[in-house]
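Next up, input_9.txt (compact mmCIF, C-alpha atoms):
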```
# COMPACT_ATOMS: atom_id res chain seq x y z
CA MET A 1 43.41 35.74 22.96
CA LYS A 2 42.44 32.08 22.98
CA ILE A 3 40.53 30.26 20.25
CA LEU A 4 39.02 26.81 20.01
CA GLY A 5 38.24 25.42 16.57
CA ILE A 6 36.42 22.20 15.71
CA ASP A 7 35.42 20.41 12.54
CA THR A 8 33.33 17.23 12.36
CA SER A 9 32.17 17.37 8.76
CA THR A 10 34.39 14.52 7.55
CA ARG A 11 35.40 11.24 9.10
CA PHE A 12 38.14 13.09 10.95
CA LEU A 13 37.47 14.80 14.23
CA CYS A 14 39.60 17.95 14.06
CA ILE A 15 40.37 20.26 16.92
CA GLY A 16 42.57 23.33 16.77
CA VAL A 17 43.58 25.55 19.67
CA PHE A 18 45.28 28.93 19.68
CA ASP A 19 46.62 30.02 23.07
CA GLY A 20 47.70 33.54 22.11
CA LEU A 21 51.13 32.48 20.87
CA ASP A 22 51.05 29.06 19.31
CA THR A 23 48.59 26.92 17.39
CA TYR A 24 47.96 23.32 18.34
CA GLU A 25 46.01 20.73 16.45
CA TYR A 26 44.48 17.37 17.20
CA ARG A 27 43.02 14.98 14.68
CA LEU A 28 41.39 11.59 14.96
CA ASN A 29 40.09 9.31 12.22
CA LEU A 30 36.76 8.33 13.73
CA GLY A 31 34.50 7.48 10.84
CA ARG A 32 31.14 7.99 12.45
CA GLY A 33 30.37 8.67 16.08
CA HIS A 34 31.62 12.24 16.49
CA ASP A 35 28.72 12.77 18.90
CA VAL A 36 30.17 10.32 21.39
CA PHE A 37 33.71 11.65 21.33
CA LEU A 38 33.69 15.36 20.50
CA ILE A 39 33.11 16.84 23.96
CA GLY A 40 35.54 14.44 25.64
CA HIS A 41 38.28 15.19 23.16
CA ILE A 42 37.77 18.95 23.41
CA GLN A 43 38.18 18.59 27.17
CA ARG A 44 41.27 16.43 26.76
CA VAL A 45 42.94 18.84 24.37
CA LEU A 46 42.18 21.89 26.52
CA ASP A 47 43.28 20.09 29.69
CA SER A 48 46.60 19.08 28.20
CA LEU A 49 47.22 22.71 27.23
CA LYS A 50 46.06 23.84 30.69
CA ILE A 51 43.40 26.07 29.17
CA LYS A 52 40.08 26.41 30.98
CA ILE A 53 37.04 26.49 28.75
CA ASP A 54 36.04 29.86 30.29
CA ASP A 55 39.36 31.33 29.16
CA LEU A 56 38.45 30.91 25.51
CA ASP A 57 37.64 34.08 23.61
CA TYR A 58 36.36 32.71 20.32
CA LEU A 59 34.90 29.49 18.98
CA ALA A 60 35.35 28.45 15.36
CA VAL A 61 33.51 25.60 13.68
CA GLY A 62 33.59 23.91 10.28
CA ILE A 63 30.08 24.19 8.81
CA GLY A 64 30.45 21.93 5.80
CA PRO A 65 29.39 20.88 3.27
CA GLY A 66 29.90 17.33 4.46
CA SER A 67 28.30 14.58 6.49
CA PHE A 68 24.74 15.49 7.49
CA THR A 69 24.99 14.23 11.04
CA GLY A 70 28.61 15.31 11.46
CA LEU A 71 27.70 18.90 10.64
CA ARG A 72 24.81 18.91 13.09
CA ILE A 73 27.09 17.62 15.82
CA GLY A 74 29.84 20.18 15.22
CA VAL A 75 27.60 23.19 14.74
CA SER A 76 25.26 22.41 17.63
CA THR A 77 28.21 21.82 19.96
CA ALA A 78 29.78 25.13 18.94
CA LYS A 79 26.46 26.94 19.32
CA ALA A 80 25.82 25.45 22.73
CA LEU A 81 29.28 26.40 23.97
CA GLY A 82 28.93 29.83 22.43
CA LEU A 83 25.60 30.46 24.11
CA VAL A 84 26.59 29.17 27.53
CA LEU A 85 30.05 30.73 27.65
CA LYS A 86 28.91 33.86 25.78
CA LYS A 87 31.70 33.62 23.22
CA LYS A 88 31.76 34.87 19.67
CA LEU A 89 31.28 32.24 16.95
CA ILE A 90 33.01 31.88 13.61
CA GLY A 91 31.59 29.50 11.01
CA ILE A 92 34.03 28.33 8.37
CA SER A 93 33.26 26.32 5.25
CA THR A 94 34.97 22.95 5.21
CA LEU A 95 35.87 23.51 1.56
CA ASP A 96 37.82 26.62 2.61
CA LEU A 97 39.57 24.62 5.30
CA ILE A 98 40.66 21.94 2.87
CA ALA A 99 41.73 24.45 0.21
CA TYR A 100 44.04 26.05 2.79
CA ASN A 101 45.95 22.76 2.98
CA ALA A 102 47.44 23.58 -0.42
CA LEU A 103 48.30 27.18 0.36
CA GLU A 104 51.88 26.63 1.50
CA LEU A 105 52.86 24.58 -1.56
CA LYS A 106 55.09 26.05 -4.24
CA ASP A 107 53.78 27.23 -7.62
CA VAL A 108 50.14 27.08 -6.67
CA LEU A 109 47.69 29.41 -8.38
CA TYR A 110 44.26 27.77 -8.58
CA ILE A 111 43.05 25.38 -5.91
CA CYS A 112 40.03 23.15 -6.30
CA PRO A 113 38.92 20.95 -3.38
CA ILE A 114 36.54 18.15 -4.34
CA LEU A 115 34.71 16.14 -1.71
CA ASP A 116 32.79 12.97 -2.40
CA ALA A 117 29.07 13.77 -1.92
CA ARG A 118 27.95 10.28 -3.02
CA ARG A 119 25.49 9.41 -5.77
CA GLY A 120 28.08 10.49 -8.34
CA LEU A 121 28.16 14.06 -7.04
CA ILE A 122 30.88 16.18 -5.47
CA TYR A 123 31.07 19.26 -3.27
CA SER A 124 33.42 21.69 -4.89
CA CYS A 125 34.61 25.25 -5.12
CA LEU A 126 37.43 27.15 -6.80
CA TYR A 127 40.07 29.35 -5.16
CA LYS A 128 42.87 31.55 -6.38
CA LYS A 129 45.95 32.18 -4.33
CA SER A 130 46.78 35.83 -3.83
CA LYS A 131 49.83 36.68 -1.72
CA SER A 132 49.38 34.54 1.38
CA ASP A 133 45.63 34.35 1.19
CA LEU A 134 42.92 32.59 -0.78
CA ALA A 135 40.22 34.26 -2.86
CA ARG A 136 37.09 32.26 -3.53
CA LEU A 137 36.11 32.45 -7.20
CA ALA A 138 32.92 30.38 -7.22
CA PRO A 139 30.00 29.57 -4.92
CA TYR A 140 30.05 26.33 -2.95
CA ARG A 141 28.51 23.80 -5.28
CA LEU A 142 27.09 20.31 -5.42
CA ILE A 143 27.78 19.15 -8.96
CA ASN A 144 28.83 16.13 -11.00
CA ILE A 145 32.26 15.60 -12.46
CA GLU A 146 31.31 16.79 -15.98
CA GLU A 147 30.11 20.11 -14.62
CA LEU A 148 33.33 20.44 -12.64
CA ILE A 149 35.49 19.82 -15.70
CA LYS A 150 33.75 22.72 -17.46
CA MET A 151 34.46 25.19 -14.67
CA VAL A 152 38.09 24.57 -13.67
CA PRO A 153 41.04 26.30 -15.39
CA GLU A 154 44.32 24.64 -16.41
CA ASN A 155 47.19 24.37 -13.91
CA VAL A 156 44.78 23.73 -11.09
CA VAL A 157 45.67 21.88 -7.90
CA PHE A 158 43.12 19.25 -6.89
CA LEU A 159 42.70 17.84 -3.42
CA GLY A 160 40.01 16.14 -1.35
CA ASP A 161 38.59 12.65 -1.00
CA GLY A 162 36.66 13.03 -4.27
CA LEU A 163 39.99 12.30 -5.97
CA ASN A 164 39.75 8.68 -4.88
CA LEU A 165 36.88 8.39 -7.35
CA TYR A 166 37.60 10.93 -10.05
CA LYS A 167 41.37 11.33 -10.32
CA HIS A 168 41.52 9.14 -13.43
CA THR A 169 38.86 11.16 -15.22
CA LEU A 170 40.47 14.47 -14.31
CA ILE A 171 43.97 13.43 -15.41
CA PHE A 172 42.74 13.15 -19.00
CA LYS A 173 40.42 16.13 -19.04
CA ILE A 174 42.36 18.93 -17.32
CA LYS A 175 45.70 20.10 -18.68
CA ASN A 176 48.63 20.32 -16.26
CA ALA A 177 46.50 19.53 -13.26
CA ARG A 178 48.21 18.58 -10.02
CA PHE A 179 46.83 16.04 -7.59
CA LEU A 180 47.74 16.10 -3.93
CA ASP A 181 48.15 13.09 -1.68
CA GLU A 182 45.74 11.77 0.89
CA GLU A 183 47.42 13.73 3.70
CA PHE A 184 46.02 16.95 2.19
CA PHE A 185 42.46 15.65 1.90
CA TRP A 186 41.11 16.46 5.35
CA PRO A 187 40.50 19.64 7.38
CA ARG A 188 43.24 20.59 9.84
CA GLY A 189 43.03 22.31 13.17
CA THR A 190 45.77 24.78 12.26
CA ASN A 191 43.78 25.99 9.28
CA ILE A 192 40.63 26.47 11.37
CA ILE A 193 42.67 28.72 13.66
CA ARG A 194 44.33 30.49 10.76
CA ILE A 195 41.03 31.38 9.08
CA ALA A 196 39.49 32.23 12.46
CA LEU A 197 42.31 34.72 13.16
CA GLU A 198 41.70 36.43 9.82
CA ARG A 199 37.98 36.64 10.49
CA ILE A 200 38.60 38.05 13.96
CA LYS A 201 40.84 40.70 12.43
CA LYS A 202 37.98 41.65 10.07
CA LYS A 203 35.47 41.35 12.95
CA ARG A 204 33.28 39.04 10.90
CA PHE A 205 31.43 36.80 13.32
CA ASN A 206 28.35 34.64 13.00
CA PRO A 207 25.58 35.37 15.53
CA VAL A 208 24.50 32.23 17.39
CA ASN A 209 21.00 32.28 15.92
CA LYS A 210 22.26 32.72 12.36
CA LEU A 211 24.99 30.06 12.33
CA ASN A 212 23.74 27.08 10.35
CA PRO A 213 25.36 24.06 8.73
CA LEU A 214 26.01 24.60 5.03
CA TYR A 215 23.89 21.96 3.41
CA LEU A 216 23.96 21.74 -0.35
CA TYR A 217 21.09 19.94 -2.05
CA PRO A 218 20.79 18.60 -5.60
CA LYS A 219 19.10 21.11 -7.86
CA GLU A 220 16.13 18.76 -8.33
CA CYS A 221 15.22 19.36 -4.68
CA GLN A 222 14.55 23.03 -5.45
CA ILE A 223 15.68 24.11 -2.02
CA GLN A 224 17.26 27.54 -1.94
CA ASN A 225 20.58 27.84 -0.24
CA VAL A 226 20.33 30.96 1.84
CA SER A 227 23.49 30.36 3.80
CA ASN A 228 25.65 30.23 0.67
CA LYS A 229 25.33 33.97 0.11
CA ARG A 230 26.95 35.33 3.23
CA LEU A 231 30.04 33.42 4.13
CA THR A 232 33.70 34.32 4.60
CA MET B 1 13.82 -13.35 -9.22
CA GLN B 2 10.38 -14.28 -7.87
CA ILE B 3 9.86 -16.08 -4.59
CA SER B 4 6.62 -17.14 -2.98
CA SER B 5 6.39 -17.07 0.77
CA PHE B 6 3.54 -18.90 2.44
CA SER B 7 4.18 -17.84 6.00
CA GLU B 8 5.87 -15.28 8.18
CA ARG B 9 8.44 -17.95 8.99
CA GLU B 10 9.45 -18.30 5.34
CA THR B 11 9.90 -14.56 4.92
CA PHE B 12 12.00 -14.56 8.07
CA ILE B 13 14.25 -17.32 6.69
CA LEU B 14 14.65 -15.45 3.42
CA GLY B 15 15.92 -12.50 5.45
CA LYS B 16 18.30 -14.73 7.35
CA ARG B 17 19.71 -16.10 4.09
CA LEU B 18 20.12 -12.57 2.76
CA ALA B 19 22.07 -11.61 5.87
CA TYR B 20 24.76 -14.19 5.07
CA LEU B 21 25.19 -12.78 1.58
CA LEU B 22 25.13 -9.06 2.35
CA ARG B 23 28.33 -7.14 3.07
CA PRO B 24 28.98 -3.85 4.88
CA LYS B 25 27.93 -0.81 2.81
CA ASP B 26 25.17 -2.82 1.10
CA THR B 27 21.73 -1.29 0.80
CA VAL B 28 18.41 -3.13 0.62
CA CYS B 29 15.28 -1.22 -0.38
CA LEU B 30 11.93 -2.73 0.60
CA TYR B 31 8.69 -1.97 -1.20
CA GLY B 32 5.19 -3.12 -0.40
CA PRO B 33 2.02 -2.28 1.51
CA LEU B 34 1.58 -2.36 5.29
CA GLY B 35 1.56 -5.87 6.69
CA ALA B 36 3.33 -7.39 3.69
CA GLY B 37 6.25 -8.62 5.77
CA LYS B 38 8.88 -5.96 5.34
CA THR B 39 9.73 -5.76 9.03
CA VAL B 40 9.69 -9.57 9.25
CA LEU B 41 12.36 -9.69 6.55
CA VAL B 42 14.43 -7.18 8.50
CA LYS B 43 14.06 -9.34 11.60
CA GLY B 44 15.41 -12.25 9.57
CA ILE B 45 18.38 -10.19 8.39
CA ALA B 46 19.03 -9.09 11.98
CA CYS B 47 18.89 -12.71 13.17
CA GLY B 48 21.46 -13.70 10.54
CA LEU B 49 23.75 -10.95 11.81
CA GLY B 50 23.47 -12.13 15.41
CA ILE B 51 21.06 -9.44 16.54
CA PRO B 52 18.17 -10.71 18.72
CA LYS B 53 15.00 -10.44 16.66
CA GLU B 54 13.03 -8.99 19.60
CA LYS B 55 15.21 -5.91 19.34
CA VAL B 56 14.01 -5.23 15.82
CA ILE B 57 10.91 -3.09 15.78
CA SER B 58 9.52 -1.01 12.98
CA PRO B 59 11.10 2.44 13.16
CA ALA B 60 7.97 4.00 11.62
CA PHE B 61 7.99 6.72 14.29
CA VAL B 62 11.66 7.12 15.07
CA LEU B 63 12.62 6.82 11.37
CA ILE B 64 15.97 5.12 11.99
CA ASN B 65 17.04 2.28 14.29
CA GLU B 66 20.64 1.17 14.71
CA TYR B 67 21.40 -2.38 15.77
CA LYS B 68 24.87 -3.57 16.70
CA GLY B 69 25.78 -7.05 15.44
CA LYS B 70 28.52 -8.92 13.58
CA THR B 71 27.88 -6.23 11.02
CA ASN B 72 25.91 -3.20 12.11
CA LEU B 73 22.39 -2.99 10.76
CA TYR B 74 20.69 0.32 10.06
CA HIS B 75 16.94 0.04 9.77
CA ILE B 76 15.24 3.02 8.15
CA ASP B 77 11.48 3.43 7.70
CA LEU B 78 10.31 6.31 5.55
CA TYR B 79 6.57 5.62 5.89
CA ARG B 80 5.98 8.89 7.70
CA ILE B 81 7.98 11.03 5.29
CA LYS B 82 5.77 13.43 3.33
CA ASN B 83 8.12 15.47 1.16
CA ILE B 84 11.73 16.02 0.14
CA GLN B 85 12.34 18.58 2.88
CA GLU B 86 11.41 16.03 5.53
CA LEU B 87 13.46 13.35 3.84
CA LEU B 88 16.54 15.55 3.81
CA THR B 89 16.23 16.31 7.51
CA THR B 90 16.55 12.63 8.42
CA GLY B 91 20.19 12.39 7.37
CA TYR B 92 19.52 8.85 6.10
CA GLU B 93 22.22 9.22 3.47
CA ASP B 94 25.02 9.09 6.02
CA TYR B 95 24.00 5.51 6.75
CA LEU B 96 24.03 4.33 3.16
CA TYR B 97 27.76 4.61 2.86
CA SER B 98 28.86 3.82 6.38
CA ASP B 99 30.20 0.64 7.93
CA GLY B 100 26.99 -1.37 8.11
CA ILE B 101 24.14 -2.85 6.12
CA THR B 102 21.27 -0.45 5.51
CA VAL B 103 17.67 -1.55 5.01
CA ILE B 104 15.14 1.04 3.87
CA GLU B 105 11.42 0.39 4.22
CA TRP B 106 9.10 2.48 2.04
CA ALA B 107 11.95 3.36 -0.28
CA GLN B 108 9.36 4.68 -2.77
CA ARG B 109 9.41 7.87 -0.66
CA ILE B 110 12.87 8.62 -2.06
CA PRO B 111 12.71 10.44 -5.40
CA ASP B 112 14.78 8.93 -8.22
CA PHE B 113 17.56 11.49 -8.10
CA LEU B 114 18.19 10.80 -4.40
CA MET B 115 18.23 7.01 -4.70
CA PRO B 116 21.53 5.29 -3.99
CA LEU B 117 23.31 4.23 -7.17
CA ASN B 118 23.44 0.57 -6.17
CA TYR B 119 20.92 -1.36 -4.15
CA LEU B 120 18.99 -4.59 -3.81
CA LYS B 121 15.29 -4.10 -4.44
CA VAL B 122 12.79 -6.34 -2.67
CA GLU B 123 9.10 -5.91 -3.57
CA PHE B 124 6.31 -7.52 -1.55
CA LYS B 125 2.87 -8.33 -2.90
CA ILE B 126 0.08 -9.63 -0.69
CA ILE B 127 -1.67 -12.62 -2.32
CA ASP B 128 -3.86 -13.74 0.58
CA LYS B 129 -3.75 -13.84 4.38
CA ASN B 130 -0.53 -15.84 4.60
CA SER B 131 1.09 -15.93 1.19
CA ARG B 132 3.20 -13.24 -0.38
CA LYS B 133 4.90 -12.80 -3.74
CA ILE B 134 8.39 -11.43 -3.25
CA LYS B 135 10.24 -10.02 -6.24
CA ILE B 136 13.96 -9.39 -5.88
CA SER B 137 15.88 -7.29 -8.37
CA PHE B 138 18.95 -5.10 -8.12
CA LYS B 139 20.87 -2.12 -9.39
CA GLY B 140 24.64 -2.49 -9.54
CA ASN B 141 26.74 -5.50 -10.52
CA HIS B 142 27.76 -6.40 -6.99
CA TYR B 143 24.21 -7.53 -6.18
CA ASN B 144 24.15 -9.85 -9.17
CA SER B 145 26.33 -12.34 -7.30
CA ILE B 146 24.11 -12.08 -4.23
CA LEU B 147 21.08 -13.02 -6.32
CA ASP B 148 22.99 -15.90 -7.92
CA LYS B 149 23.90 -17.32 -4.53
CA LEU B 150 20.38 -16.80 -3.24
CA LYS B 151 19.00 -18.80 -6.17
CA ARG B 152 21.39 -21.65 -5.46
CA LEU B 153 20.31 -21.70 -1.82
CA LYS B 154 16.69 -22.24 -2.83
```
Translate this file's structure into structure tokens.
Amino acid sequence: MKILGIDTSTRFLCIGVFDGLDTYEYRLNLGRGHDVFLIGHIQRVLDSLKIKIDDLDYLAVGIGPGSFTGLRIGVSTAKALGLVLKKKLIGISTLDLIAYNALELKDVLYICPILDARRGLIYSCLYKKSKSDLARLAPYRLINIEELIKMVPENVVFLGDGLNLYKHTLIFKIKNARFLDEEFFWPRGTNIIRIALERIKKKRFNPVNKLNPLYLYPKECQIQNVSNKRLT
Amino acid sequence: MQISSFSERETFILGKRLAYLLRPKDTVCLYGPLGAGKTVLVKGIACGLGIPKEKVISPAFVLINEYKGKTNLYHIDLYRIKNIQELLTTGYEDYLYSDGITVIEWAQRIPDFLMPLNYLKVEFKIIDKNSRKIKISFKGNHYNSILDKLKRLK
């Protein structure tokens, strides 16, 4: 079983490959311009592992929330490949991917990724570690820092690029909170594969025509988020 | 700050001056009716950044133009945008916080809660065929120094 996973929702271009035995990951700090590089880098990674694109069995993709254009690039690439190669697709929230970065750490119970959504807002969610897995306790949300402070418990582990802006506020407001370093802030190819493997085990795939980027809008926009309901 | 411009040329030069003062990640929002000189100002900014002014055309139909210069310039025109749904499908927000200078024409199409937190606001008023009243204000302390320097240049 071979899996290709991609995520372009942040400034990192992340690729993960599972060849049946081992997991490989590739990551590049691109900023913008995923559209120019994504296909070439997928090819490079697969070539270096001597995997033909037809040999893949599943495609996994990070669906956000995150950069508007980045998400469109990642999801449309995955959909195109899925359609042409007739492979099953797995859409994974980027917040899940980032939360998994904290999974292997010691003494972790609650995990809260916060991503900078600009205009004083953050994308956030709350997870609880159970055995070797994560349980999502809240919907994916676009909120401000005050709303976040109300919803997180004590002893929570924070990570994500939102910390660059809000770490100082959170230190004073949340008791015994832990803050992870920059290296934990971004999605990783290994985690895409890891979540993809779990989803394959549960046979939970996203049909090509139903896989959409997870866009979260401010509540003033009054746009319903349909995709938030059925995920993971 | 109020400036009077009596020709296209003067508006162009104002843009050029602005270009020297703006930094990457800065946002300029332009307000004013059709033909007030918004695109001329953008041409001036482009010129100051080393982008040929012929390259700058109003993106009224394509919504967003990207120009590569000393600093990249992102030229957004929201004239055609009718509602929030349409606005959100342009992805204009990715530009506001990227590596370049972003200029938004018809920024009044953006509702208050989606406006960037900090920006330079330039409002055009048509007085007669050639003269325009241009009012420059700002949101965010960083633009205060830009206005100061602009005043000294006058």
Item checked: Distance of atom CA of Gly32 of chain B from atom CA of Ile146 of chain B, expressed in Å to one decimal place ->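 Between atom CA of Ile146 of chain B and atom CA of Gly32 of chain B the gap is 21.3 Å.
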Margin query: Counting all atoms listed in the file, a student should be able to say which residues of chain B come within 12 Å of chain A; what is the right answer, written as a list in words?
Written below: Asn83, Ile84, Gln85, Glu86, Leu87, Leu88, Thr89, Thr90, Gly91, Tyr92, Glu93, Asp94, Tyr95, Leu96, Tyr97, Ser98, Asp99, Gly100, Ile110, Pro111, Asp112, Phe113, Leu114, Met115, Pro116, Leu117, Asn118 and Tyr119 of chain B
Need to verify the contact set: Asp54 of chain A, 12 Å, all atoms listed in the file, exclusion of same-chain residues closer than 3 positions in sequence. Can you return it as a JSON list (two decimals) with C-alpha atoms, in the frame of the given file?
```json
[["chain", "number", "residue", "atom", "x", "y", "z"],
["A", 1, "MET", "CA", 43.41, 35.74, 22.96],
["A", 2, "LYS", "CA", 42.44, 32.08, 22.98],
["A", 3, "ILE", "CA", 40.53, 30.26, 20.25],
["A", 4, "LEU", "CA", 39.02, 26.81, 20.01],
["A", 43, "GLN", "CA", 38.18, 18.59, 27.17],
["A", 46, "LEU", "CA", 42.18, 21.89, 26.52],
["A", 50, "LYS", "CA", 46.06, 23.84, 30.69],
["A", 51, "ILE", "CA", 43.40, 26.07, 29.17],
["A", 57, "ASP", "CA", 37.64, 34.08, 23.61],
["A", 58, "TYR", "CA", 36.36, 32.71, 20.32],
["A", 59, "LEU", "CA", 34.90, 29.49, 18.98],
["A", 81, "LEU", "CA", 29.28, 26.40, 23.97],
["A", 82, "GLY", "CA", 28.93, 29.83, 22.43],
["A", 84, "VAL", "CA", 26.59, 29.17, 27.53],
["A", 85, "LEU", "CA", 30.05, 30.73, 27.65],
["A", 86, "LYS", "CA", 28.91, 33.86, 25.78],
["A", 87, "LYS", "CA", 31.70, 33.62, 23.22]]
```
Note to self: Which residues are near Thr77 of chain A? Cut-off 10 Å, only C-alpha atoms, ignore same chain within fewer than 3 positions. Put them as a PyMOL selection string.
What the structure shows: chain A and resi 6+35+38-39+61+71-74+80-83
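Atom CA of Leu153 of chain B is positioned 17.1 Å from atom CA of Val122 of chain B.
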Checklist line | Distance query Leu180 of chain A at most 9 Å, all atoms listed in the file, self and fewer than 3 positions along chain excluded, as a PyMOL selection string | finding: chain A and resi 102+157-160+163+183-185
Margin query: So that I can see what lies close to segment 8-21 of chain B, please list as a PyMOL selection string the residues with an atom at most 7 Å from it, counting only C-alpha atoms and leaving out residues fewer than 5 positions away in the same chain.
Written below: chain B and resi 40-45+47-49+146
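Going from atom CA of Ile195 of chain A to atom CA of Gly91 of chain A covers 9.8 Å.
Minimum distance to Lys202 of chain A across A:Leu30, A:Ile63, A:Leu165, A:Ile90 (counting only C-alpha atoms) occurs at A:Ile90.
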Next item on the list: Find the residues around Lys139 of chain B up to 9 Å (all atoms listed in the file counted), leave out those fewer than 2 positions away in its own chain, and share them as a list in words.
Entry: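 So the residues in contact are Leu117, Asn118, Tyr119, Leu120, Lys121, Ser137, Asn141, His142, Tyr143 and Asn144 of chain B.
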Note to self: Let me make sure I understand: among B:Tyr31, B:Arg109, B:Ala36, B:Lys82, which one has the smallest atom-to-atom distance to Ser131 of chain B if we use only C-alpha atoms?
What the structure shows: B:Ala36
Next item on the list: Take the point (10.2, -6.1, -5.9) as written in the file and pick out every residue within 12 Å of it, counting all atoms listed in the file; give the list as a count of residues only.
Entry: 31
Check: Counting all atoms listed in the file, which of A:Ile174, A:Ile15, A:Ile193, A:Val208 gets nearest to Leu89 of chain A?
Finding: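 Under the stated criterion, the closest residue is A:Val208.
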Check: With distances taken over all atoms listed in the file, which of A:Ser124, A:Ser48, A:Asn164, A:Thr8 is nearest to Leu216 of chain A?
Finding: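 Closest candidate: A:Ser124.
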Next item on the list: Kindly indicate which residue among A:Leu49, A:Pro113, A:Val75, A:Asp22 lies nearest to Ile92 of chain A, using only C-alpha atoms for the distances.
Entry: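 Between A:Leu49, A:Pro113, A:Val75, A:Asp22, the residue approaching Ile92 of chain A most closely is A:Val75.
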